[in-house]
>>> print(open('query_34.cif').read())   # mmCIF, C-alpha atoms
data_query
loop_
_atom_site.group_PDB
_atom_site.id
_atom_site.type_symbol
_atom_site.label_atom_id
_atom_site.label_comp_id
_atom_site.auth_asym_id
_atom_site.auth_seq_id
_atom_site.Cartn_x
_atom_site.Cartn_y
_atom_site.Cartn_z
ATOM 1 C CA MET H 60 60.451 26.852 -97.939
ATOM 2 C CA ALA H 61 59.397 29.843 -95.816
ATOM 3 C CA THR H 62 61.052 30.427 -92.457
ATOM 4 C CA ILE H 63 59.900 32.201 -89.322
ATOM 5 C CA LYS H 64 61.990 35.195 -90.399
ATOM 6 C CA ASP H 65 60.077 35.326 -93.682
ATOM 7 C CA VAL H 66 56.798 35.320 -91.769
ATOM 8 C CA ALA H 67 58.037 38.135 -89.525
ATOM 9 C CA ARG H 68 59.111 40.198 -92.534
ATOM 10 C CA GLU H 69 55.794 39.660 -94.315
ATOM 11 C CA ALA H 70 53.784 40.521 -91.195
ATOM 12 C CA GLY H 71 55.913 43.552 -90.392
ATOM 13 C CA LEU H 72 56.634 42.194 -86.900
ATOM 14 C CA THR H 73 59.657 40.908 -85.019
ATOM 15 C CA VAL H 74 60.690 37.265 -84.997
ATOM 16 C CA THR H 75 60.055 37.299 -81.255
ATOM 17 C CA THR H 76 56.422 38.326 -81.743
ATOM 18 C CA VAL H 77 55.874 35.646 -84.393
ATOM 19 C CA SER H 78 57.447 33.043 -82.093
ATOM 20 C CA ARG H 79 55.122 34.069 -79.267
ATOM 21 C CA VAL H 80 52.092 33.709 -81.539
ATOM 22 C CA LEU H 81 53.213 30.257 -82.706
ATOM 23 C CA ASN H 82 53.846 29.102 -79.149
ATOM 24 C CA ASN H 83 50.832 30.888 -77.644
ATOM 25 C CA ARG H 84 53.119 32.537 -75.126
ATOM 26 C CA GLY H 85 52.658 35.906 -73.496
ATOM 27 C CA TYR H 86 50.355 38.762 -74.413
ATOM 28 C CA ILE H 87 49.659 39.116 -78.137
ATOM 29 C CA SER H 88 47.204 41.657 -79.544
ATOM 30 C CA GLU H 89 44.509 40.328 -81.868
ATOM 31 C CA ASN H 90 45.851 42.591 -84.595
ATOM 32 C CA ALA H 91 49.345 41.101 -84.351
ATOM 33 C CA ARG H 92 47.963 37.570 -84.181
ATOM 34 C CA GLN H 93 45.917 38.180 -87.335
ATOM 35 C CA LYS H 94 48.926 39.596 -89.184
ATOM 36 C CA VAL H 95 50.950 36.485 -88.355
ATOM 37 C CA ASN H 96 48.169 34.145 -89.428
ATOM 38 C CA ASP H 97 47.706 36.029 -92.700
ATOM 39 C CA ALA H 98 51.439 35.952 -93.410
ATOM 40 C CA MET H 99 51.613 32.213 -92.671
ATOM 41 C CA LYS H 100 48.784 31.524 -95.106
ATOM 42 C CA LYS H 101 50.290 33.708 -97.820
ATOM 43 C CA LEU H 102 53.719 32.060 -97.504
ATOM 44 C CA ASN H 103 52.324 28.582 -96.842
ATOM 45 C CA TYR H 104 54.469 28.464 -93.720
ATOM 46 C CA GLN H 105 54.370 25.217 -91.739
ATOM 47 C CA PRO H 106 55.848 25.152 -88.199
ATOM 48 C CA ASN H 107 58.344 22.382 -87.597
ATOM 49 C CA GLU H 108 56.029 20.056 -85.689
ATOM 50 C CA MET H 109 58.645 17.303 -85.557
ATOM 51 C CA ALA H 110 61.050 19.564 -83.680
ATOM 52 C CA ARG H 111 58.250 20.593 -81.357
ATOM 53 C CA SER H 112 57.288 17.009 -80.625
ATOM 54 C CA LEU H 113 60.893 16.125 -79.851
ATOM 55 C CA ARG H 114 61.105 19.015 -77.418
ATOM 56 C CA LYS H 115 57.886 18.057 -75.663
ATOM 57 C CA LYS H 116 59.174 14.545 -74.966
ATOM 58 C CA SER H 117 61.674 15.872 -72.405
ATOM 59 C CA ASN H 118 60.599 15.562 -68.793
ATOM 60 C CA LEU H 119 63.276 17.962 -67.499
ATOM 61 C CA ILE H 120 62.481 21.333 -65.972
ATOM 62 C CA GLY H 121 65.359 23.793 -65.894
ATOM 63 C CA LEU H 122 65.441 25.607 -62.533
ATOM 64 C CA ILE H 123 67.750 28.632 -62.486
ATOM 65 C CA VAL H 124 68.355 30.204 -59.063
ATOM 66 C CA PRO H 125 70.847 32.848 -57.865
ATOM 67 C CA HIS H 126 71.709 31.028 -54.617
ATOM 68 C CA ILE H 127 71.203 27.555 -53.235
ATOM 69 C CA ARG H 128 72.613 28.524 -49.814
ATOM 70 C CA HIS H 129 69.816 30.947 -49.039
ATOM 71 C CA PRO H 130 67.114 29.215 -46.948
ATOM 72 C CA TYR H 131 64.344 30.819 -49.028
ATOM 73 C CA PHE H 132 65.659 29.272 -52.240
ATOM 74 C CA ALA H 133 66.428 25.971 -50.506
ATOM 75 C CA GLU H 134 62.814 25.741 -49.347
ATOM 76 C CA MET H 135 61.455 26.792 -52.732
ATOM 77 C CA ILE H 136 63.653 24.263 -54.551
ATOM 78 C CA SER H 137 62.406 21.512 -52.262
ATOM 79 C CA TYR H 138 58.761 22.308 -53.017
ATOM 80 C CA LEU H 139 59.408 22.670 -56.751
ATOM 81 C CA GLU H 140 61.152 19.299 -56.871
ATOM 82 C CA ARG H 141 58.251 17.669 -55.047
ATOM 83 C CA GLU H 142 55.661 19.227 -57.358
ATOM 84 C CA ALA H 143 57.700 18.318 -60.438
ATOM 85 C CA TYR H 144 58.001 14.691 -59.357
ATOM 86 C CA GLU H 145 54.249 14.399 -58.832
ATOM 87 C CA LEU H 146 53.646 15.737 -62.357
ATOM 88 C CA GLY H 147 56.165 13.354 -63.923
ATOM 89 C CA TYR H 148 58.980 15.868 -64.357
ATOM 90 C CA ARG H 149 62.554 15.979 -63.068
ATOM 91 C CA ILE H 150 64.476 19.084 -62.005
ATOM 92 C CA MET H 151 67.765 20.219 -63.543
ATOM 93 C CA LEU H 152 69.128 22.661 -60.962
ATOM 94 C CA CYS H 153 71.327 25.567 -62.077
ATOM 95 C CA ASN H 154 72.992 27.801 -59.461
ATOM 96 C CA THR H 155 74.170 31.086 -60.993
ATOM 97 C CA LYS H 156 75.696 32.664 -57.865
ATOM 98 C CA ASP H 157 74.302 35.967 -59.192
ATOM 99 C CA ARG H 158 76.608 35.921 -62.220
ATOM 100 C CA GLN H 159 75.013 37.086 -65.447
ATOM 101 C CA GLU H 160 77.323 35.043 -67.657
ATOM 102 C CA ARG H 161 76.281 31.883 -65.805
ATOM 103 C CA GLU H 162 72.624 32.710 -66.338
ATOM 104 C CA ARG H 163 73.110 32.902 -70.095
ATOM 105 C CA GLU H 164 75.173 29.712 -70.057
ATOM 106 C CA TYR H 165 72.526 27.822 -68.094
ATOM 107 C CA VAL H 166 69.759 28.961 -70.448
ATOM 108 C CA ASP H 167 71.804 27.529 -73.331
ATOM 109 C CA ILE H 168 72.280 24.275 -71.387
ATOM 110 C CA CYS H 169 68.526 24.070 -70.822
ATOM 111 C CA LYS H 170 67.945 24.532 -74.552
ATOM 112 C CA SER H 171 70.469 21.850 -75.505
ATOM 113 C CA ASN H 172 68.846 19.423 -73.048
ATOM 114 C CA ARG H 173 65.430 20.096 -74.611
ATOM 115 C CA VAL H 174 63.866 20.909 -71.265
ATOM 116 C CA ALA H 175 60.082 21.022 -71.087
ATOM 117 C CA GLY H 176 60.292 24.458 -69.509
ATOM 118 C CA ILE H 177 62.382 26.854 -67.447
ATOM 119 C CA ILE H 178 61.632 28.364 -64.040
ATOM 120 C CA ILE H 179 63.939 31.272 -63.283
ATOM 121 C CA PHE H 180 64.599 33.411 -60.215
ATOM 122 C CA SER H 181 66.763 36.221 -61.492
ATOM 123 C CA GLY H 182 67.159 39.938 -61.479
ATOM 124 C CA SER H 183 69.897 40.402 -64.022
ATOM 125 C CA VAL H 184 69.569 38.019 -66.967
ATOM 126 C CA GLU H 185 68.995 39.925 -70.197
ATOM 127 C CA ILE H 186 65.488 39.929 -71.662
ATOM 128 C CA SER H 187 66.859 39.069 -75.096
ATOM 129 C CA THR H 188 68.041 35.727 -73.712
ATOM 130 C CA PHE H 189 64.453 34.455 -73.800
ATOM 131 C CA GLU H 190 63.234 36.061 -77.005
ATOM 132 C CA GLU H 191 63.332 33.019 -79.275
ATOM 133 C CA LEU H 192 62.970 30.164 -76.795
ATOM 134 C CA GLU H 193 60.192 27.837 -77.948
ATOM 135 C CA ILE H 194 59.583 26.484 -74.455
ATOM 136 C CA PRO H 195 57.581 27.829 -71.503
ATOM 137 C CA VAL H 196 59.518 30.212 -69.254
ATOM 138 C CA ILE H 197 58.092 30.992 -65.813
ATOM 139 C CA THR H 198 59.656 33.811 -63.818
ATOM 140 C CA MET H 199 59.437 33.844 -60.032
ATOM 141 C CA GLU H 200 59.366 37.256 -58.318
ATOM 142 C CA ARG H 201 60.207 38.940 -61.620
ATOM 143 C CA TYR H 202 58.221 40.109 -64.637
ATOM 144 C CA LEU H 203 59.571 39.615 -68.161
ATOM 145 C CA GLU H 204 57.655 40.614 -71.276
ATOM 146 C CA THR H 205 59.206 37.699 -73.179
ATOM 147 C CA ALA H 206 58.399 35.082 -70.536
ATOM 148 C CA THR H 207 55.327 32.854 -70.615
ATOM 149 C CA ALA H 208 54.120 33.851 -67.157
ATOM 150 C CA SER H 209 55.261 35.246 -63.837
ATOM 151 C CA VAL H 210 54.494 34.127 -60.290
ATOM 152 C CA ARG H 211 54.997 36.364 -57.291
ATOM 153 C CA CYS H 212 53.547 37.125 -53.907
ATOM 154 C CA ASP H 213 51.756 40.336 -52.970
ATOM 155 C CA ASN H 214 54.894 42.149 -51.857
ATOM 156 C CA LYS H 215 53.295 45.557 -51.471
ATOM 157 C CA THR H 216 50.629 44.255 -49.114
ATOM 158 C CA GLY H 217 53.431 42.618 -47.123
ATOM 159 C CA GLY H 218 55.035 46.022 -46.630
ATOM 160 C CA VAL H 219 51.690 47.504 -45.621
ATOM 161 C CA LEU H 220 51.019 44.750 -43.068
ATOM 162 C CA ALA H 221 54.478 45.084 -41.531
ATOM 163 C CA ALA H 222 54.352 48.875 -41.192
ATOM 164 C CA ARG H 223 50.806 48.795 -39.865
ATOM 165 C CA LYS H 224 51.692 46.239 -37.192
ATOM 166 C CA LEU H 225 54.743 48.182 -36.020
ATOM 167 C CA ILE H 226 52.750 51.413 -35.869
ATOM 168 C CA GLU H 227 49.920 49.721 -33.952
ATOM 169 C CA ALA H 228 52.557 48.460 -31.497
ATOM 170 C CA GLY H 229 53.526 52.066 -30.753
ATOM 171 C CA CYS H 230 56.618 52.495 -32.927
ATOM 172 C CA LYS H 231 57.427 56.095 -33.935
ATOM 173 C CA ASN H 232 60.800 55.779 -35.682
ATOM 174 C CA LEU H 233 60.831 53.004 -38.262
ATOM 175 C CA ILE H 234 63.436 51.564 -40.599
ATOM 176 C CA HIS H 235 62.971 49.256 -43.563
ATOM 177 C CA VAL H 236 66.017 47.192 -44.475
ATOM 178 C CA GLY H 237 65.449 46.379 -48.132
ATOM 179 C CA SER H 238 67.090 44.104 -50.654
ATOM 180 C CA PRO H 239 70.057 45.542 -52.601
ATOM 181 C CA GLN H 240 68.780 48.029 -55.151
ATOM 182 C CA SER H 241 68.715 46.682 -58.701
ATOM 183 C CA ASN H 242 68.020 47.873 -62.214
ATOM 184 C CA PRO H 243 65.458 47.019 -63.383
ATOM 185 C CA GLU H 244 63.454 46.971 -60.192
ATOM 186 C CA LEU H 245 62.006 43.677 -58.988
ATOM 187 C CA PRO H 246 58.540 42.892 -57.570
ATOM 188 C CA ALA H 247 60.161 42.523 -54.130
ATOM 189 C CA ASP H 248 60.882 46.265 -54.219
ATOM 190 C CA ASP H 249 57.145 46.765 -53.706
ATOM 191 C CA ARG H 250 57.675 45.793 -50.054
ATOM 192 C CA ALA H 251 59.340 49.155 -49.525
ATOM 193 C CA ARG H 252 56.540 50.966 -51.362
ATOM 194 C CA GLY H 253 53.857 49.457 -49.169
ATOM 195 C CA PHE H 254 55.918 50.273 -46.068
ATOM 196 C CA VAL H 255 56.526 53.892 -47.109
ATOM 197 C CA GLU H 256 52.912 54.590 -48.079
ATOM 198 C CA THR H 257 51.652 53.245 -44.761
ATOM 199 C CA CYS H 258 54.165 55.249 -42.704
ATOM 200 C CA GLU H 259 53.385 58.473 -44.582
ATOM 201 C CA LYS H 260 49.655 57.965 -44.226
ATOM 202 C CA ALA H 261 50.082 57.506 -40.467
ATOM 203 C CA GLY H 262 52.516 60.416 -40.135
ATOM 204 C CA VAL H 263 55.251 58.181 -38.707
ATOM 205 C CA GLY H 264 58.947 58.796 -39.353
ATOM 206 C CA TYR H 265 60.829 56.226 -41.415
ATOM 207 C CA GLN H 266 64.080 55.536 -43.233
ATOM 208 C CA LEU H 267 65.064 53.090 -45.952
ATOM 209 C CA ILE H 268 68.413 51.299 -45.718
ATOM 210 C CA TYR H 269 69.835 48.910 -48.310
ATOM 211 C CA PRO H 270 72.687 46.412 -47.882
ATOM 212 C CA ASP H 271 75.424 46.055 -50.490
ATOM 213 C CA ALA H 272 74.967 43.452 -53.193
ATOM 214 C CA ASP H 273 78.147 41.662 -52.061
ATOM 215 C CA ASP H 274 76.857 41.365 -48.494
ATOM 216 C CA ASP H 275 73.553 40.065 -49.806
ATOM 217 C CA SER H 276 75.225 37.378 -51.923
ATOM 218 C CA LYS H 277 77.216 36.245 -48.864
ATOM 219 C CA LEU H 278 74.108 36.397 -46.615
ATOM 220 C CA SER H 279 76.162 38.551 -44.249
ATOM 221 C CA TYR H 280 74.469 41.705 -43.013
ATOM 222 C CA ALA H 281 76.707 42.538 -40.035
ATOM 223 C CA ASP H 282 77.751 45.902 -41.501
ATOM 224 C CA VAL H 283 74.227 47.149 -42.165
ATOM 225 C CA VAL H 284 73.025 45.882 -38.763
ATOM 226 C CA GLU H 285 75.896 47.675 -37.013
ATOM 227 C CA LYS H 286 75.138 50.857 -38.969
ATOM 228 C CA ILE H 287 71.502 50.791 -37.921
ATOM 229 C CA LEU H 288 72.137 50.113 -34.245
ATOM 230 C CA LYS H 289 74.983 52.651 -33.922
ATOM 231 C CA GLU H 290 73.757 55.489 -36.124
ATOM 232 C CA HIS H 291 70.026 55.187 -35.463
ATOM 233 C CA SER H 292 69.792 54.709 -31.718
ATOM 234 C CA ASP H 293 66.262 56.135 -31.697
ATOM 235 C CA VAL H 294 64.849 53.433 -33.976
ATOM 236 C CA ASP H 295 62.110 51.466 -32.255
ATOM 237 C CA GLY H 296 60.787 49.355 -35.137
ATOM 238 C CA ILE H 297 62.405 47.558 -38.072
ATOM 239 C CA PHE H 298 60.874 45.779 -41.064
ATOM 240 C CA ALA H 299 63.491 43.540 -42.709
ATOM 241 C CA SER H 300 62.985 42.362 -46.283
ATOM 242 C CA SER H 301 63.986 38.812 -45.350
ATOM 243 C CA ASP H 302 64.013 36.588 -42.279
ATOM 244 C CA ILE H 303 67.777 36.134 -42.705
ATOM 245 C CA ILE H 304 68.340 39.870 -42.280
ATOM 246 C CA ALA H 305 65.938 39.944 -39.340
ATOM 247 C CA ALA H 306 67.751 37.047 -37.639
ATOM 248 C CA GLN H 307 71.040 38.947 -37.853
ATOM 249 C CA ILE H 308 69.376 42.036 -36.413
ATOM 250 C CA ILE H 309 68.362 39.901 -33.421
ATOM 251 C CA GLN H 310 72.006 38.841 -33.039
ATOM 252 C CA GLY H 311 73.189 42.428 -33.280
ATOM 253 C CA CYS H 312 70.727 43.607 -30.648
ATOM 254 C CA HIS H 313 71.776 40.808 -28.301
ATOM 255 C CA ALA H 314 75.422 41.800 -28.670
ATOM 256 C CA ILE H 315 74.788 45.364 -27.457
ATOM 257 C CA GLY H 316 72.169 44.515 -24.839
ATOM 258 C CA LYS H 317 69.195 45.863 -26.798
ATOM 259 C CA LYS H 318 66.087 43.863 -25.966
ATOM 260 C CA ILE H 319 63.496 42.653 -28.481
ATOM 261 C CA PRO H 320 60.608 43.470 -28.367
ATOM 262 C CA GLU H 321 61.002 45.757 -25.317
ATOM 263 C CA ASP H 322 63.496 48.196 -26.891
ATOM 264 C CA LEU H 323 63.044 47.347 -30.544
ATOM 265 C CA LYS H 324 60.236 45.649 -32.417
ATOM 266 C CA LEU H 325 61.082 43.593 -35.491
ATOM 267 C CA ILE H 326 59.268 42.027 -38.462
ATOM 268 C CA GLY H 327 60.818 39.861 -41.179
ATOM 269 C CA PHE H 328 59.621 38.566 -44.536
ATOM 270 C CA ASP H 329 59.340 35.023 -45.989
ATOM 271 C CA ASP H 330 58.379 32.893 -42.951
ATOM 272 C CA ILE H 331 61.076 30.294 -43.544
ATOM 273 C CA LEU H 332 62.354 27.901 -40.858
ATOM 274 C CA VAL H 333 64.753 30.438 -39.368
ATOM 275 C CA ALA H 334 61.778 32.539 -38.209
ATOM 276 C CA GLU H 335 60.769 29.780 -35.786
ATOM 277 C CA ILE H 336 64.211 29.023 -34.376
ATOM 278 C CA THR H 337 65.410 32.525 -33.517
ATOM 279 C CA SER H 338 65.167 33.677 -29.928
ATOM 280 C CA PRO H 339 62.797 35.396 -29.621
ATOM 281 C CA GLN H 340 60.824 33.794 -32.427
ATOM 282 C CA LEU H 341 60.359 36.131 -35.365
ATOM 283 C CA THR H 342 57.142 37.887 -36.313
ATOM 284 C CA THR H 343 57.158 37.876 -40.098
ATOM 285 C CA ILE H 344 55.225 38.156 -43.352
ATOM 286 C CA HIS H 345 54.341 34.683 -44.612
ATOM 287 C CA GLN H 346 55.160 34.193 -48.271
ATOM 288 C CA PRO H 347 53.184 31.252 -49.758
ATOM 289 C CA ILE H 348 56.266 29.407 -51.006
ATOM 290 C CA LYS H 349 54.575 26.017 -51.341
ATOM 291 C CA GLU H 350 51.644 27.456 -53.287
ATOM 292 C CA MET H 351 53.956 29.471 -55.548
ATOM 293 C CA ALA H 352 55.946 26.341 -56.369
ATOM 294 C CA SER H 353 52.812 24.361 -57.133
ATOM 295 C CA LEU H 354 51.434 27.100 -59.371
ATOM 296 C CA ALA H 355 54.714 27.480 -61.285
ATOM 297 C CA MET H 356 54.810 23.763 -62.087
ATOM 298 C CA ARG H 357 51.158 23.746 -63.181
ATOM 299 C CA LEU H 358 51.833 26.707 -65.467
ATOM 300 C CA ILE H 359 54.772 24.851 -67.036
ATOM 301 C CA LYS H 360 52.614 21.777 -67.600
ATOM 302 C CA GLY H 361 49.697 23.735 -68.995
ATOM 303 C CA ALA H 362 51.781 25.878 -71.330
ATOM 304 C CA SER H 363 53.751 22.881 -72.629
ATOM 305 C CA GLU H 364 50.421 21.205 -73.492
ATOM 306 C CA GLY H 365 49.234 24.227 -75.463
ATOM 307 C CA GLU H 366 46.978 25.811 -72.871
ATOM 308 C CA VAL H 367 46.726 29.583 -72.588
ATOM 309 C CA VAL H 368 48.006 30.393 -69.078
ATOM 310 C CA PRO H 369 47.684 33.631 -67.053
ATOM 311 C CA ARG H 370 50.456 36.098 -67.773
ATOM 312 C CA GLU H 371 50.786 37.122 -64.133
ATOM 313 C CA SER H 372 49.772 35.444 -60.884
ATOM 314 C CA VAL H 373 49.968 37.255 -57.541
ATOM 315 C CA LEU H 374 49.480 35.177 -54.395
ATOM 316 C CA PRO H 375 48.408 36.683 -51.056
ATOM 317 C CA VAL H 376 50.645 37.112 -48.015
ATOM 318 C CA ARG H 377 49.760 37.286 -44.326
ATOM 319 C CA LEU H 378 51.263 38.436 -41.054
ATOM 320 C CA VAL H 379 52.440 35.684 -38.684
ATOM 321 C CA GLU H 380 52.698 36.981 -35.127
ATOM 322 C CA ARG H 381 55.341 35.496 -32.871
ATOM 323 C CA GLU H 382 57.529 37.196 -30.258
ATOM 324 C CA THR H 383 59.424 40.124 -31.801
ATOM 325 C CA VAL H 384 56.554 42.640 -31.749
#
>>> encode(input="query_34.cif", output="C-alpha cells")
Amino acid sequence: MATIKDVAREAGLTVTTVSRVLNNRGYISENARQKVNDAMKKLNYQPNEMARSLRKKSNLIGLIVPHIRHPYFAEMISYLEREAYELGYRIMLCNTKDRQEREREYVDICKSNRVAGIIIFSGSVEISTFEELEIPVITMERYLETATASVRCDNKTGGVLAARKLIEAGCKNLIHVGSPQSNPELPADDRARGFVETCEKAGVGYQLIYPDADDDSKLSYADVVEKILKEHSDVDGIFASSDIIAAQIIQGCHAIGKKIPEDLKLIGFDDILVAEITSPQLTTIHQPIKEMASLAMRLIKGASEGEVVPRESVLPVRLVERETV
C-alpha cells in the first residue's frame, strides 16, 4: 500500500508539500497540486480517512502562548476562550515561558490529544515543528510558511500613527522603545518601521531602543526606562511598543519629577486595561484583540471543515487619544 512518502517521491516534492495539498493548507501552486494528484492516481494512494475522522472529533483547541502574566496575552486568552466556547470548542492552554523546548513539547501534547487545531503566539518555535501536522495551525502576530493561516494587526500603520501624533504635538526628539530584537523578525517589528519612515519623512530626530529579552520576559523595564531618562534628557516624545512599557515610563517620569504630557509626550501600543488606569491615562494604539481572537477561531473552524481559508489576515489599528499627548 502506497504511503505519503511514496507520493512525495513520485511527485518529486517534499512530504510537507504533499501533506499541505492533502489537507488544503497554505499556499500550493497549481503545478504542485497537479503533480500530487497525478502521483496519487498512479500509485492508487488513499488518504487515511479513518484517522482524519478521529482527529476531527476532538473539540480541543491547543493555545500556545509565551506568557500568561502579560496583560495582552491574558486579554487575548479570555477572548479566545469565549469564542471557542460559542463555537463548541474547549481551550487547552499551554504556557511556554519563552522556552523553545516547551514549545516543541506542547506541540507534541496537542498532537497526542488530537486537538482540532492549534493557535500559537511564538517567535522562536522551529518551522519544522509544524511541517507534518495534519491539523489547522493559526499563528498570531507571526507568519509561518507551514502554518494554515496567520492573523495580525496592522503594526506598521500603528507606528505611523504614533509618530505622526507625536510630531503634530510638537515633538522634535523622539524615541521608540521596541520589543526585544529577534531572529527571525516578527510582524510587531513593523511598528518600528512605520515610526522610522514617518520621522524621516518629517525630518524629525529619532532613536530606537530595545530592552533585553530577560527584562521583557519578566515585564520589568526599569533599566531601559532609567537609561532613556538619564541619557536622553532632550527626548520630548516616546512611542512604546506596549502599554506595559509605557506604564513603566510614566512611573519613571514621576520618580524624577518629569511631567507627562508637559515635559514628555507618550504613546503606547495594545490598548489593554492598563492604558485606562495609569495616571495620566495613556494615549495608545488600539489593537483589535477581540476581533483577532474571533477571526482566529473562525479560521480554525473553517479549515477543520475543509474550507480554504485566507493565508494572511491583517486587521486595522487606530489611535486612542487620552491624556499623555
>>> atom_distance(input="query_34.cif", atom1="atom CA of H:Val263", atom2="atom CA of H:Ile297")
12.8 Å
>>> closest_atom_pairs(input="query_34.cif", of="stretch 336-381 of chain H", to="stretch 216-238 of chain H", cutoff="10 Å", atoms="only C-alpha atoms", output="Markdown table")
| residue | atom | partner | partner_atom | distance |
| --- | --- | --- | --- | --- |
| H:Thr342 | CA | H:Ala221 | CA | 9.3 |
| H:Thr343 | CA | H:Ala221 | CA | 7.8 |
| H:Ile344 | CA | H:Gly217 | CA | 6.1 |
| H:His345 | CA | H:Gly217 | CA | 8.4 |
| H:Gln346 | CA | H:Gly217 | CA | 8.7 |
| H:Pro375 | CA | H:Thr216 | CA | 8.1 |
| H:Val376 | CA | H:Gly217 | CA | 6.2 |
| H:Arg377 | CA | H:Gly217 | CA | 7.1 |
| H:Leu378 | CA | H:Leu220 | CA | 6.6 |
| H:Glu380 | CA | H:Lys224 | CA | 9.5 |
>>> atom_distance(input="query_34.cif", atom1="atom CA of H:Ser181", atom2="atom CA of H:Ala306")
23.9 Å
>>> closest_atom_pairs(input="query_34.cif", of="stretch 250-302 of chain H", to="stretch 153-176 of chain H", cutoff="12 Å", atoms="only C-alpha atoms", output="JSON lines")
{"residue": "H:Ala272", "atom": "CA", "partner": "H:Asp157", "partner_atom": "CA", "distance": 9.6}
{"residue": "H:Asp273", "atom": "CA", "partner": "H:Asp157", "partner_atom": "CA", "distance": 9.9}
{"residue": "H:Asp275", "atom": "CA", "partner": "H:Asp157", "partner_atom": "CA", "distance": 10.3}
{"residue": "H:Ser276", "atom": "CA", "partner": "H:Asp157", "partner_atom": "CA", "distance": 7.5}
{"residue": "H:Lys277", "atom": "CA", "partner": "H:Lys156", "partner_atom": "CA", "distance": 9.8}
{"residue": "H:Leu278", "atom": "CA", "partner": "H:Lys156", "partner_atom": "CA", "distance": 12.0}
>>> resolve_selection(input="query_34.cif", expression="the PyMOL selection byres ((chain H and resi 134-147) around 8)", output="list in words")
Asn118, Ile120, Pro130, Tyr131, Phe132, Ala133, Tyr148, Arg149, Ile150, Ile331, Ile348, Lys349, Ala352, Ser353 and Met356 of chain H
>>> resolve_selection(input="query_34.cif", expression="the PyMOL selection byres ((chain H and resi 103) around 12)", output="number ranges by chain")
H: 60-63, 65-66, 69, 95-102, 104-106
>>> closest_residue(input="query_34.cif", among="H:Leu288, H:Ala206, H:Ile303, H:Leu119", to="H:Leu332", atoms="only C-alpha atoms")
H:Ile303
>>> closest_residue(input="query_34.cif", among="H:Leu323, H:Ile309, H:Met199, H:Ile123", to="H:Val373", atoms="all atoms listed in the file")
H:Met199
>>> atom_distance(input="query_34.cif", atom1="atom CA of H:Ile268", atom2="atom CA of H:Glu290")
11.8 Å
>>> residues_around(input="query_34.cif", residues="H:Asp322", least_positions_apart="3", cutoff="10 Å", atoms="all atoms listed in the file", output="number ranges by chain")
H: 293-296, 312, 316-319
>>> decode(input="query_34.cif", residues="stretch 290-294 of chain H", atoms="all heavy atoms", output="compact mmCIF listing (two decimals), in the first residue's frame")
# COMPACT_ATOMS: atom_id res chain seq x y z
N GLU H 290 20.06 59.30 30.02
CA GLU H 290 20.99 59.51 28.92
C GLU H 290 20.38 60.33 27.77
O GLU H 290 21.12 60.77 26.89
CB GLU H 290 21.49 58.16 28.39
CG GLU H 290 22.25 57.35 29.43
CD GLU H 290 22.75 56.03 28.87
OE1 GLU H 290 22.70 55.85 27.63
OE2 GLU H 290 23.18 55.18 29.66
N HIS H 291 19.07 60.48 27.78
CA HIS H 291 18.42 61.21 26.69
C HIS H 291 17.50 62.28 27.28
O HIS H 291 16.28 62.25 27.10
CB HIS H 291 17.62 60.24 25.81
CG HIS H 291 18.45 59.11 25.26
ND1 HIS H 291 19.21 59.23 24.12
CD2 HIS H 291 18.63 57.84 25.70
CE1 HIS H 291 19.83 58.09 23.88
NE2 HIS H 291 19.50 57.22 24.82
N SER H 292 18.10 63.20 27.98
CA SER H 292 17.33 64.23 28.68
C SER H 292 16.57 65.15 27.73
O SER H 292 15.62 65.83 28.13
CB SER H 292 18.25 65.06 29.58
OG SER H 292 19.28 65.66 28.80
N ASP H 293 17.00 65.16 26.45
CA ASP H 293 16.33 66.05 25.49
C ASP H 293 15.13 65.41 24.83
O ASP H 293 14.42 66.06 24.05
CB ASP H 293 17.32 66.50 24.42
CG ASP H 293 17.88 65.32 23.62
OD1 ASP H 293 17.82 64.19 24.14
OD2 ASP H 293 18.39 65.54 22.50
N VAL H 294 14.84 64.14 25.13
CA VAL H 294 13.71 63.48 24.50
C VAL H 294 12.41 64.14 24.93
O VAL H 294 12.21 64.44 26.11
CB VAL H 294 13.68 61.97 24.83
CG1 VAL H 294 13.52 61.73 26.33
CG2 VAL H 294 12.56 61.26 24.08
